[in-house]
Amino acid sequence: MPLYKRGKTWWISFTTSTGERIRCSAATSDKTQAQEYHDKLKAESWRISKLGDKPQFTWDEAAYKWLMETSHKASHKQDINQVAWVHQFFKGRSLCELTRETIAELGEIKCSETSPSTANRYLAMIRAILRRAANDWEWIEKAPFIRLYKEPKRRIRWISPEQVTILLKELPEHLVDIVKFSLSTGLRKRNVTDLEWSQIDLHRKVAWIHADQAKGRKNIHVSLNDTALEVLNKQIGKHSVRVFTYQGKPIIQTNTRAWRKALIRAGIENFRWHDLRHTWASWLAQKGVPLNVIQEMGAWESTEMVKRYAHLAPEQFRKHAIVVDELLNDTIVTQCENQEFKNAT
């Protein structure tokens with residue numbers, strides 16, 4: 001029986017000319033569509049066995065396989081959402097049909113909806129899938145070239161201690177505690193809101209983020225200063241597992257109406273929650289903390305990410321620049337002494 005039903009879904013079953021049994025879901029409740037899919041699969045299997053053609057894999061198969069192989073990524077949920085958006089345009093299409101022009105058109109659609117930088121995230125995901133299909137799975141001969149949009153370099157957004165003081169006065173108490181803790185540790189939003197008591201040792205004044213919770217998939221050691229400890233002590237007894245709560249429930253979202261209205265009242269513009277992390281790093285740089293130490297504390301993988309704060313630490317580099325002063329002064333003194341010696345003789 002080439003077609004049969006399981007529940008409301010049609011399934012396909014047939015044997016190829018080489019004796020291989022093919023059984024799979026048609027992923028539809030429409031018998032006509034299921035029959036068309038059956039005929040397509042059977043025709044492809046014949047061309048492969050008799051004519052030596054390569055199987056024609058679809059975007060659906062490639063996207064699914066890529067998601068399964070990259071499920072360890074911290075951004076896996078975001079990848080799923082991106083694939084779901086692309087799926088409405090590429091569903092059922094052969095990988096060979098996805099040309100440079102086809103993908104560029106999709107990029108223009110996304111760019112018109114959002115921004116070039118966001119469109120680039122989707123294009124980069126498509127590129128990653130097609131490259132793996134070509135290089136690792138050998139499903140296609142070559143991945144098409146995908147050109148990304150030019151993105152303006154973003155300046156680092158941070159606020160002064162004085163601005164933070166004003167902002168804290170405008171925030172509700174539960175957000176005040178999270179903001180103080182974020183500015184004291186430099187942790188990303190998710191690492192703060194998901195923090196559990198099992199990840200904290202108040203006696204040793206340390207906390208830790210497990211590798212599967214970290215963006216870089218590496219354990220993060222967090223040294224707790226007095227401000228962070230004060231905030232944590234306030235949370236004791238509020239919840240048995242999670243640290244930060246509101247009305248007895250763990251806090252999940254921080255970009256709330258209360259946060260946005262507090263920013264307006266404080267007169268702070270163009271400031272995201274993630275900019276608290278930038279503020280933490282900027283303050284450290286301005287106080288002379290070496291960039292390599294900031295990189296280690298912030299768990300950045302690349303030194304390029306930390307170099308964004310270099311311009312905020314002129315004094316840190318000035319003390320090294322003075323070394324050249326000493327060398328030049330010694331050189332000048334030596335030249336003067338030699339000249340005086342020549343004149344005297």
# chains A, B, ... in the order shown; residues from 1 in each chain; ligands from 1
>>> select_by_dssp(residues="range 131-220 of chain A", states="strand (DSSP E)", output="VMD selection string")
chain A and resid 200 to 201 206 to 209 220
>>> residues_around(residues="Gln253 in chain A", least_positions_apart="6", cutoff="12 Å", atoms="only C-alpha atoms", output="mmCIF file with N, CA and C atoms, in the first residue's frame")
data_model
loop_
_atom_site.group_PDB
_atom_site.id
_atom_site.type_symbol
_atom_site.label_atom_id
_atom_site.label_comp_id
_atom_site.auth_asym_id
_atom_site.auth_seq_id
_atom_site.Cartn_x
_atom_site.Cartn_y
_atom_site.Cartn_z
ATOM 1 N N HIS A 174 12.170 45.707 42.976
ATOM 2 C CA HIS A 174 12.689 44.449 42.438
ATOM 3 C C HIS A 174 13.622 44.682 41.251
ATOM 4 N N LEU A 175 13.371 45.745 40.468
ATOM 5 C CA LEU A 175 14.270 46.059 39.354
ATOM 6 C C LEU A 175 15.525 46.782 39.845
ATOM 7 N N ILE A 178 18.006 44.074 40.699
ATOM 8 C CA ILE A 178 18.598 43.411 39.528
ATOM 9 C C ILE A 178 19.582 44.346 38.823
ATOM 10 N N LYS A 189 21.778 39.507 30.902
ATOM 11 C CA LYS A 189 20.427 39.511 31.484
ATOM 12 C C LYS A 189 19.967 38.109 31.867
ATOM 13 N N ARG A 190 20.078 37.156 30.948
ATOM 14 C CA ARG A 190 19.583 35.802 31.215
ATOM 15 C C ARG A 190 20.331 35.142 32.375
ATOM 16 N N VAL A 192 21.485 36.587 34.923
ATOM 17 C CA VAL A 192 21.017 37.189 36.175
ATOM 18 C C VAL A 192 19.627 36.680 36.529
ATOM 19 N N THR A 193 18.698 36.745 35.588
ATOM 20 C CA THR A 193 17.322 36.334 35.887
ATOM 21 C C THR A 193 17.213 34.838 36.165
ATOM 22 N N ASP A 194 18.078 34.021 35.557
ATOM 23 C CA ASP A 194 18.031 32.565 35.761
ATOM 24 C C ASP A 194 18.897 32.105 36.929
ATOM 25 N N PHE A 244 16.187 35.983 42.026
ATOM 26 C CA PHE A 244 15.438 37.211 41.793
ATOM 27 C C PHE A 244 13.983 36.890 41.455
ATOM 28 N N THR A 245 13.079 37.435 42.258
ATOM 29 C CA THR A 245 11.652 37.150 42.095
ATOM 30 C C THR A 245 10.836 38.437 42.212
ATOM 31 N N TYR A 246 9.585 38.316 41.814
ATOM 32 C CA TYR A 246 8.627 39.413 41.983
ATOM 33 C C TYR A 246 7.296 38.803 42.385
ATOM 34 N N TRP A 259 10.449 49.486 33.459
ATOM 35 C CA TRP A 259 11.822 49.797 33.070
ATOM 36 C C TRP A 259 11.851 50.940 32.060
ATOM 37 N N TRP A 273 18.683 47.214 28.165
ATOM 38 C CA TRP A 273 19.096 46.488 29.367
ATOM 39 C C TRP A 273 20.526 45.961 29.211
#
>>> residues_around(residues="Ala266 in chain A", least_positions_apart="6", cutoff="9 Å", atoms="only C-alpha atoms", output="number ranges by chain")
A: 163-164, 166-170
>>> residues_around(residues="Phe181 in chain A", least_positions_apart="2", cutoff="8 Å", atoms="only C-alpha atoms", output="list in words")
Asp177, Ile178, Val179, Leu183, Ser184, Thr185, Val192, Thr227, Ala228 and Val231 of chain A
>>> atom_distance(atom1="CA of Ala285 in chain A", atom2="CA of Val306 in chain A")
9.7 Å
>>> closest_residue(among="A:Glu162, A:Glu269, A:Asp30, A:Glu196", to="Gln213 in chain A", atoms="only C-alpha atoms")
A:Glu196
>>> residues_around(residues="Ile140 in chain A", least_positions_apart="6", cutoff="12 Å", atoms="only C-alpha atoms", output="MDAnalysis selection string")
chainID A and resid 53:59 62 94:99 129:134
>>> residues_around(residues="range 36-40 of chain A", least_positions_apart="4", cutoff="12 Å", atoms="only C-alpha atoms", output="list in words")
Met1, Pro2, Leu3, Tyr4, Trp10, Trp11, Ile12, Ser13, Phe14, Thr15, Thr16, Ile22, Arg23, Cys24, Ser25, Ala26, Ala27, Thr28, Asp30, Lys31, Thr32, Glu44, Ser45, Trp46, Arg47, Pro55, Gln56, Phe57 and Gly92 of chain A
>>> write_last_selection(atoms="N, CA and C atoms", output="PDB file, in the first residue's frame")
ATOM      1  N   MET A   1       0.849  -1.187   0.000  1.00  0.00           N
ATOM      2  CA  MET A   1       0.000   0.000   0.000  1.00  0.00           C
ATOM      3  C   MET A   1       0.891   1.245   0.000  1.00  0.00           C
ATOM      4  N   PRO A   2       0.859   2.040  -1.099  1.00  0.00           N
ATOM      5  CA  PRO A   2       1.741   3.199  -1.200  1.00  0.00           C
ATOM      6  C   PRO A   2       1.399   4.316  -0.213  1.00  0.00           C
ATOM      7  N   LEU A   3       0.098   4.436   0.119  1.00  0.00           N
ATOM      8  CA  LEU A   3      -0.343   5.465   1.059  1.00  0.00           C
ATOM      9  C   LEU A   3      -1.179   4.834   2.159  1.00  0.00           C
ATOM     10  N   TYR A   4      -0.960   5.277   3.394  1.00  0.00           N
ATOM     11  CA  TYR A   4      -1.796   4.830   4.502  1.00  0.00           C
ATOM     12  C   TYR A   4      -1.836   5.932   5.554  1.00  0.00           C
ATOM     13  N   TRP A  10      -1.194  11.379   6.426  1.00  0.00           N
ATOM     14  CA  TRP A  10      -0.893  10.340   5.439  1.00  0.00           C
ATOM     15  C   TRP A  10       0.587   9.982   5.493  1.00  0.00           C
ATOM     16  N   TRP A  11       0.848   8.683   5.334  1.00  0.00           N
ATOM     17  CA  TRP A  11       2.220   8.183   5.302  1.00  0.00           C
ATOM     18  C   TRP A  11       2.479   7.503   3.957  1.00  0.00           C
ATOM     19  N   ILE A  12       3.768   7.468   3.591  1.00  0.00           N
ATOM     20  CA  ILE A  12       4.183   6.913   2.303  1.00  0.00           C
ATOM     21  C   ILE A  12       4.996   5.647   2.529  1.00  0.00           C
ATOM     22  N   SER A  13       4.765   4.661   1.678  1.00  0.00           N
ATOM     23  CA  SER A  13       5.523   3.417   1.780  1.00  0.00           C
ATOM     24  C   SER A  13       5.703   2.819   0.385  1.00  0.00           C
ATOM     25  N   PHE A  14       6.966   2.565   0.010  1.00  0.00           N
ATOM     26  CA  PHE A  14       7.237   1.886  -1.266  1.00  0.00           C
ATOM     27  C   PHE A  14       8.647   1.300  -1.218  1.00  0.00           C
ATOM     28  N   THR A  15       8.930   0.429  -2.165  1.00  0.00           N
ATOM     29  CA  THR A  15      10.236  -0.220  -2.257  1.00  0.00           C
ATOM     30  C   THR A  15      10.931   0.242  -3.525  1.00  0.00           C
ATOM     31  N   THR A  16      12.189   0.648  -3.398  1.00  0.00           N
ATOM     32  CA  THR A  16      12.946   1.129  -4.550  1.00  0.00           C
ATOM     33  C   THR A  16      13.384  -0.034  -5.420  1.00  0.00           C
ATOM     34  N   ILE A  22      11.234   2.364   1.647  1.00  0.00           N
ATOM     35  CA  ILE A  22      11.060   3.768   2.018  1.00  0.00           C
ATOM     36  C   ILE A  22       9.739   3.919   2.744  1.00  0.00           C
ATOM     37  N   ARG A  23       9.784   4.424   3.958  1.00  0.00           N
ATOM     38  CA  ARG A  23       8.577   4.674   4.729  1.00  0.00           C
ATOM     39  C   ARG A  23       8.757   5.997   5.472  1.00  0.00           C
ATOM     40  N   CYS A  24       7.890   6.973   5.199  1.00  0.00           N
ATOM     41  CA  CYS A  24       8.003   8.273   5.848  1.00  0.00           C
ATOM     42  C   CYS A  24       6.662   8.988   5.846  1.00  0.00           C
ATOM     43  N   SER A  25       6.569  10.019   6.677  1.00  0.00           N
ATOM     44  CA  SER A  25       5.339  10.811   6.749  1.00  0.00           C
ATOM     45  C   SER A  25       5.291  11.804   5.597  1.00  0.00           C
ATOM     46  N   ALA A  26       4.090  12.001   5.040  1.00  0.00           N
ATOM     47  CA  ALA A  26       3.895  13.012   4.005  1.00  0.00           C
ATOM     48  C   ALA A  26       3.622  14.372   4.631  1.00  0.00           C
ATOM     49  N   ALA A  27       3.463  14.390   5.975  1.00  0.00           N
ATOM     50  CA  ALA A  27       3.246  15.621   6.735  1.00  0.00           C
ATOM     51  C   ALA A  27       2.044  16.411   6.228  1.00  0.00           C
ATOM     52  N   THR A  28       1.002  15.696   5.830  1.00  0.00           N
ATOM     53  CA  THR A  28      -0.213  16.362   5.361  1.00  0.00           C
ATOM     54  C   THR A  28      -1.414  15.452   5.593  1.00  0.00           C
ATOM     55  N   ASP A  30      -3.983  15.883   3.506  1.00  0.00           N
ATOM     56  CA  ASP A  30      -4.583  15.914   2.172  1.00  0.00           C
ATOM     57  C   ASP A  30      -4.029  14.744   1.350  1.00  0.00           C
ATOM     58  N   LYS A  31      -4.904  13.847   0.903  1.00  0.00           N
ATOM     59  CA  LYS A  31      -4.455  12.653   0.185  1.00  0.00           C
ATOM     60  C   LYS A  31      -3.816  12.996  -1.151  1.00  0.00           C
ATOM     61  N   THR A  32      -4.347  14.025  -1.826  1.00  0.00           N
ATOM     62  CA  THR A  32      -3.783  14.418  -3.124  1.00  0.00           C
ATOM     63  C   THR A  32      -2.348  14.901  -2.974  1.00  0.00           C
ATOM     64  N   GLU A  44      12.398  10.222  -7.923  1.00  0.00           N
ATOM     65  CA  GLU A  44      13.779  10.565  -7.564  1.00  0.00           C
ATOM     66  C   GLU A  44      14.594   9.310  -7.272  1.00  0.00           C
ATOM     67  N   SER A  45      13.999   8.359  -6.564  1.00  0.00           N
ATOM     68  CA  SER A  45      14.730   7.120  -6.248  1.00  0.00           C
ATOM     69  C   SER A  45      15.088   6.355  -7.520  1.00  0.00           C
ATOM     70  N   TRP A  46      14.204   6.417  -8.525  1.00  0.00           N
ATOM     71  CA  TRP A  46      14.499   5.741  -9.801  1.00  0.00           C
ATOM     72  C   TRP A  46      15.667   6.419 -10.511  1.00  0.00           C
ATOM     73  N   ARG A  47      15.664   7.775 -10.560  1.00  0.00           N
ATOM     74  CA  ARG A  47      16.761   8.493 -11.224  1.00  0.00           C
ATOM     75  C   ARG A  47      18.093   8.239 -10.520  1.00  0.00           C
ATOM     76  N   PRO A  55      20.554  12.605  -5.111  1.00  0.00           N
ATOM     77  CA  PRO A  55      19.229  12.904  -4.562  1.00  0.00           C
ATOM     78  C   PRO A  55      19.027  14.410  -4.422  1.00  0.00           C
ATOM     79  N   GLN A  56      17.809  14.874  -4.665  1.00  0.00           N
ATOM     80  CA  GLN A  56      17.486  16.294  -4.566  1.00  0.00           C
ATOM     81  C   GLN A  56      16.954  16.593  -3.171  1.00  0.00           C
ATOM     82  N   PHE A  57      17.817  17.113  -2.330  1.00  0.00           N
ATOM     83  CA  PHE A  57      17.406  17.438  -0.970  1.00  0.00           C
ATOM     84  C   PHE A  57      16.739  18.806  -0.944  1.00  0.00           C
ATOM     85  N   GLY A  92       9.729  23.325   0.971  1.00  0.00           N
ATOM     86  CA  GLY A  92       9.590  22.371  -0.120  1.00  0.00           C
ATOM     87  C   GLY A  92      10.494  22.609  -1.314  1.00  0.00           C
TER      88      GLY A  92
END
>>> select_by_dssp(residues="range 247-295 of chain A", states="alpha helix (DSSP H)", output="ChimeraX atom specification")
/A:257-266,275-286,291-295
>>> write_last_selection(atoms="N, CA and C atoms", output="mmCIF file, in the first residue's frame")
data_model
loop_
_atom_site.group_PDB
_atom_site.id
_atom_site.type_symbol
_atom_site.label_atom_id
_atom_site.label_comp_id
_atom_site.auth_asym_id
_atom_site.auth_seq_id
_atom_site.Cartn_x
_atom_site.Cartn_y
_atom_site.Cartn_z
ATOM 1 N N ARG A 257 7.377 47.617 31.057
ATOM 2 C CA ARG A 257 6.892 48.991 30.993
ATOM 3 C C ARG A 257 7.497 49.824 32.124
ATOM 4 N N ALA A 258 7.666 49.201 33.303
ATOM 5 C CA ALA A 258 8.254 49.921 34.442
ATOM 6 C C ALA A 258 9.685 50.349 34.127
ATOM 7 N N TRP A 259 10.449 49.486 33.459
ATOM 8 C CA TRP A 259 11.822 49.797 33.070
ATOM 9 C C TRP A 259 11.851 50.940 32.060
ATOM 10 N N ARG A 260 11.007 50.853 31.050
ATOM 11 C CA ARG A 260 11.012 51.860 29.990
ATOM 12 C C ARG A 260 10.538 53.228 30.508
ATOM 13 N N LYS A 261 9.522 53.224 31.365
ATOM 14 C CA LYS A 261 9.040 54.489 31.914
ATOM 15 C C LYS A 261 10.055 55.117 32.858
ATOM 16 N N ALA A 262 10.790 54.287 33.588
ATOM 17 C CA ALA A 262 11.826 54.796 34.488
ATOM 18 C C ALA A 262 12.933 55.489 33.699
ATOM 19 N N LEU A 263 13.296 54.921 32.554
ATOM 20 C CA LEU A 263 14.313 55.530 31.700
ATOM 21 C C LEU A 263 13.854 56.906 31.222
ATOM 22 N N ILE A 264 12.577 57.009 30.859
ATOM 23 C CA ILE A 264 12.039 58.293 30.382
ATOM 24 C C ILE A 264 12.085 59.325 31.501
ATOM 25 N N ARG A 265 11.618 58.931 32.695
ATOM 26 C CA ARG A 265 11.611 59.869 33.820
ATOM 27 C C ARG A 265 13.017 60.289 34.221
ATOM 28 N N ALA A 266 13.993 59.357 34.033
ATOM 29 C CA ALA A 266 15.382 59.655 34.385
ATOM 30 C C ALA A 266 16.096 60.451 33.296
ATOM 31 N N ASP A 275 22.908 47.289 27.864
ATOM 32 C CA ASP A 275 23.879 48.368 28.046
ATOM 33 C C ASP A 275 24.348 48.489 29.491
ATOM 34 N N LEU A 276 23.679 47.821 30.418
ATOM 35 C CA LEU A 276 24.183 47.750 31.793
ATOM 36 C C LEU A 276 25.519 47.013 31.808
ATOM 37 N N ARG A 277 25.641 46.010 30.965
ATOM 38 C CA ARG A 277 26.898 45.255 30.854
ATOM 39 C C ARG A 277 27.984 46.145 30.255
ATOM 40 N N HIS A 278 27.624 46.940 29.252
ATOM 41 C CA HIS A 278 28.578 47.891 28.675
ATOM 42 C C HIS A 278 29.003 48.929 29.718
ATOM 43 N N THR A 279 28.057 49.350 30.531
ATOM 44 C CA THR A 279 28.358 50.336 31.574
ATOM 45 C C THR A 279 29.346 49.766 32.574
ATOM 46 N N TRP A 280 29.112 48.524 32.996
ATOM 47 C CA TRP A 280 30.031 47.841 33.929
ATOM 48 C C TRP A 280 31.448 47.795 33.362
ATOM 49 N N ALA A 281 31.594 47.374 32.107
ATOM 50 C CA ALA A 281 32.913 47.269 31.480
ATOM 51 C C ALA A 281 33.547 48.650 31.292
ATOM 52 N N SER A 282 32.734 49.629 30.943
ATOM 53 C CA SER A 282 33.245 50.994 30.734
ATOM 54 C C SER A 282 33.777 51.583 32.035
ATOM 55 N N TRP A 283 33.067 51.356 33.122
ATOM 56 C CA TRP A 283 33.530 51.855 34.425
ATOM 57 C C TRP A 283 34.859 51.216 34.810
ATOM 58 N N LEU A 284 34.969 49.909 34.579
ATOM 59 C CA LEU A 284 36.226 49.218 34.912
ATOM 60 C C LEU A 284 37.387 49.778 34.093
ATOM 61 N N ALA A 285 37.142 49.999 32.800
ATOM 62 C CA ALA A 285 38.198 50.521 31.924
ATOM 63 C C ALA A 285 38.634 51.913 32.369
ATOM 64 N N GLN A 286 37.672 52.738 32.735
ATOM 65 C CA GLN A 286 37.992 54.104 33.158
ATOM 66 C C GLN A 286 38.775 54.133 34.465
ATOM 67 N N LEU A 291 42.558 45.610 30.159
ATOM 68 C CA LEU A 291 41.547 45.063 29.254
ATOM 69 C C LEU A 291 41.507 43.536 29.287
ATOM 70 N N ASN A 292 42.665 42.889 29.474
ATOM 71 C CA ASN A 292 42.661 41.431 29.520
ATOM 72 C C ASN A 292 41.940 40.911 30.769
ATOM 73 N N VAL A 293 41.985 41.696 31.845
ATOM 74 C CA VAL A 293 41.263 41.318 33.063
ATOM 75 C C VAL A 293 39.755 41.498 32.849
ATOM 76 N N ILE A 294 39.381 42.598 32.185
ATOM 77 C CA ILE A 294 37.965 42.828 31.872
ATOM 78 C C ILE A 294 37.440 41.708 30.984
ATOM 79 N N GLN A 295 38.255 41.281 30.030
ATOM 80 C CA GLN A 295 37.852 40.188 29.141
ATOM 81 C C GLN A 295 37.595 38.914 29.938
#
>>> residues_around(residues="range 76-86 of chain A", least_positions_apart="4", cutoff="7 Å", atoms="only C-alpha atoms", output="ChimeraX atom specification")
/A:63,71,90,122
>>> atom_distance(atom1="CA of Leu224 in chain A", atom2="CA of Leu202 in chain A")
8.4 Å
>>> atom_distance(atom1="CA of Arg242 in chain A", atom2="CA of Ser198 in chain A")
8.8 Å
>>> closest_residue(among="A:Ile159, A:Ala310, A:Met125, A:Ile252", to="Gly267 in chain A", atoms="only C-alpha atoms")
A:Ile159
>>> decode(residues="range 204-215 of chain A", atoms="N, CA and C atoms", output="PDB file, in the first residue's frame")
ATOM      1  N   ARG A 204      32.186  32.399  50.508  1.00  0.00           N
ATOM      2  CA  ARG A 204      33.398  32.624  49.709  1.00  0.00           C
ATOM      3  C   ARG A 204      33.275  33.842  48.810  1.00  0.00           C
ATOM      4  N   LYS A 205      32.081  34.445  48.778  1.00  0.00           N
ATOM      5  CA  LYS A 205      31.803  35.636  47.975  1.00  0.00           C
ATOM      6  C   LYS A 205      32.006  35.386  46.480  1.00  0.00           C
ATOM      7  N   VAL A 206      31.468  34.264  46.015  1.00  0.00           N
ATOM      8  CA  VAL A 206      31.583  33.917  44.598  1.00  0.00           C
ATOM      9  C   VAL A 206      30.258  33.363  44.088  1.00  0.00           C
ATOM     10  N   ALA A 207      30.077  33.478  42.790  1.00  0.00           N
ATOM     11  CA  ALA A 207      28.961  32.836  42.090  1.00  0.00           C
ATOM     12  C   ALA A 207      29.541  32.245  40.817  1.00  0.00           C
ATOM     13  N   TRP A 208      28.771  31.406  40.163  1.00  0.00           N
ATOM     14  CA  TRP A 208      29.281  30.804  38.928  1.00  0.00           C
ATOM     15  C   TRP A 208      28.121  30.554  37.968  1.00  0.00           C
ATOM     16  N   ILE A 209      28.453  30.668  36.699  1.00  0.00           N
ATOM     17  CA  ILE A 209      27.497  30.382  35.625  1.00  0.00           C
ATOM     18  C   ILE A 209      27.964  29.113  34.942  1.00  0.00           C
ATOM     19  N   HIS A 210      27.099  28.119  34.876  1.00  0.00           N
ATOM     20  CA  HIS A 210      27.474  26.850  34.255  1.00  0.00           C
ATOM     21  C   HIS A 210      27.647  27.023  32.742  1.00  0.00           C
ATOM     22  N   ALA A 211      28.466  26.160  32.178  1.00  0.00           N
ATOM     23  CA  ALA A 211      28.791  26.263  30.749  1.00  0.00           C
ATOM     24  C   ALA A 211      27.550  26.242  29.862  1.00  0.00           C
ATOM     25  N   ASP A 212      26.562  25.410  30.214  1.00  0.00           N
ATOM     26  CA  ASP A 212      25.367  25.320  29.373  1.00  0.00           C
ATOM     27  C   ASP A 212      24.454  26.540  29.510  1.00  0.00           C
ATOM     28  N   GLN A 213      24.783  27.437  30.450  1.00  0.00           N
ATOM     29  CA  GLN A 213      24.010  28.668  30.610  1.00  0.00           C
ATOM     30  C   GLN A 213      24.714  29.867  29.993  1.00  0.00           C
ATOM     31  N   ALA A 214      25.999  29.702  29.680  1.00  0.00           N
ATOM     32  CA  ALA A 214      26.812  30.812  29.197  1.00  0.00           C
ATOM     33  C   ALA A 214      26.781  30.900  27.680  1.00  0.00           C
ATOM     34  N   LYS A 215      26.856  32.113  27.158  1.00  0.00           N
ATOM     35  CA  LYS A 215      26.832  32.332  25.709  1.00  0.00           C
ATOM     36  C   LYS A 215      28.008  31.647  25.038  1.00  0.00           C
TER      37      LYS A 215
END
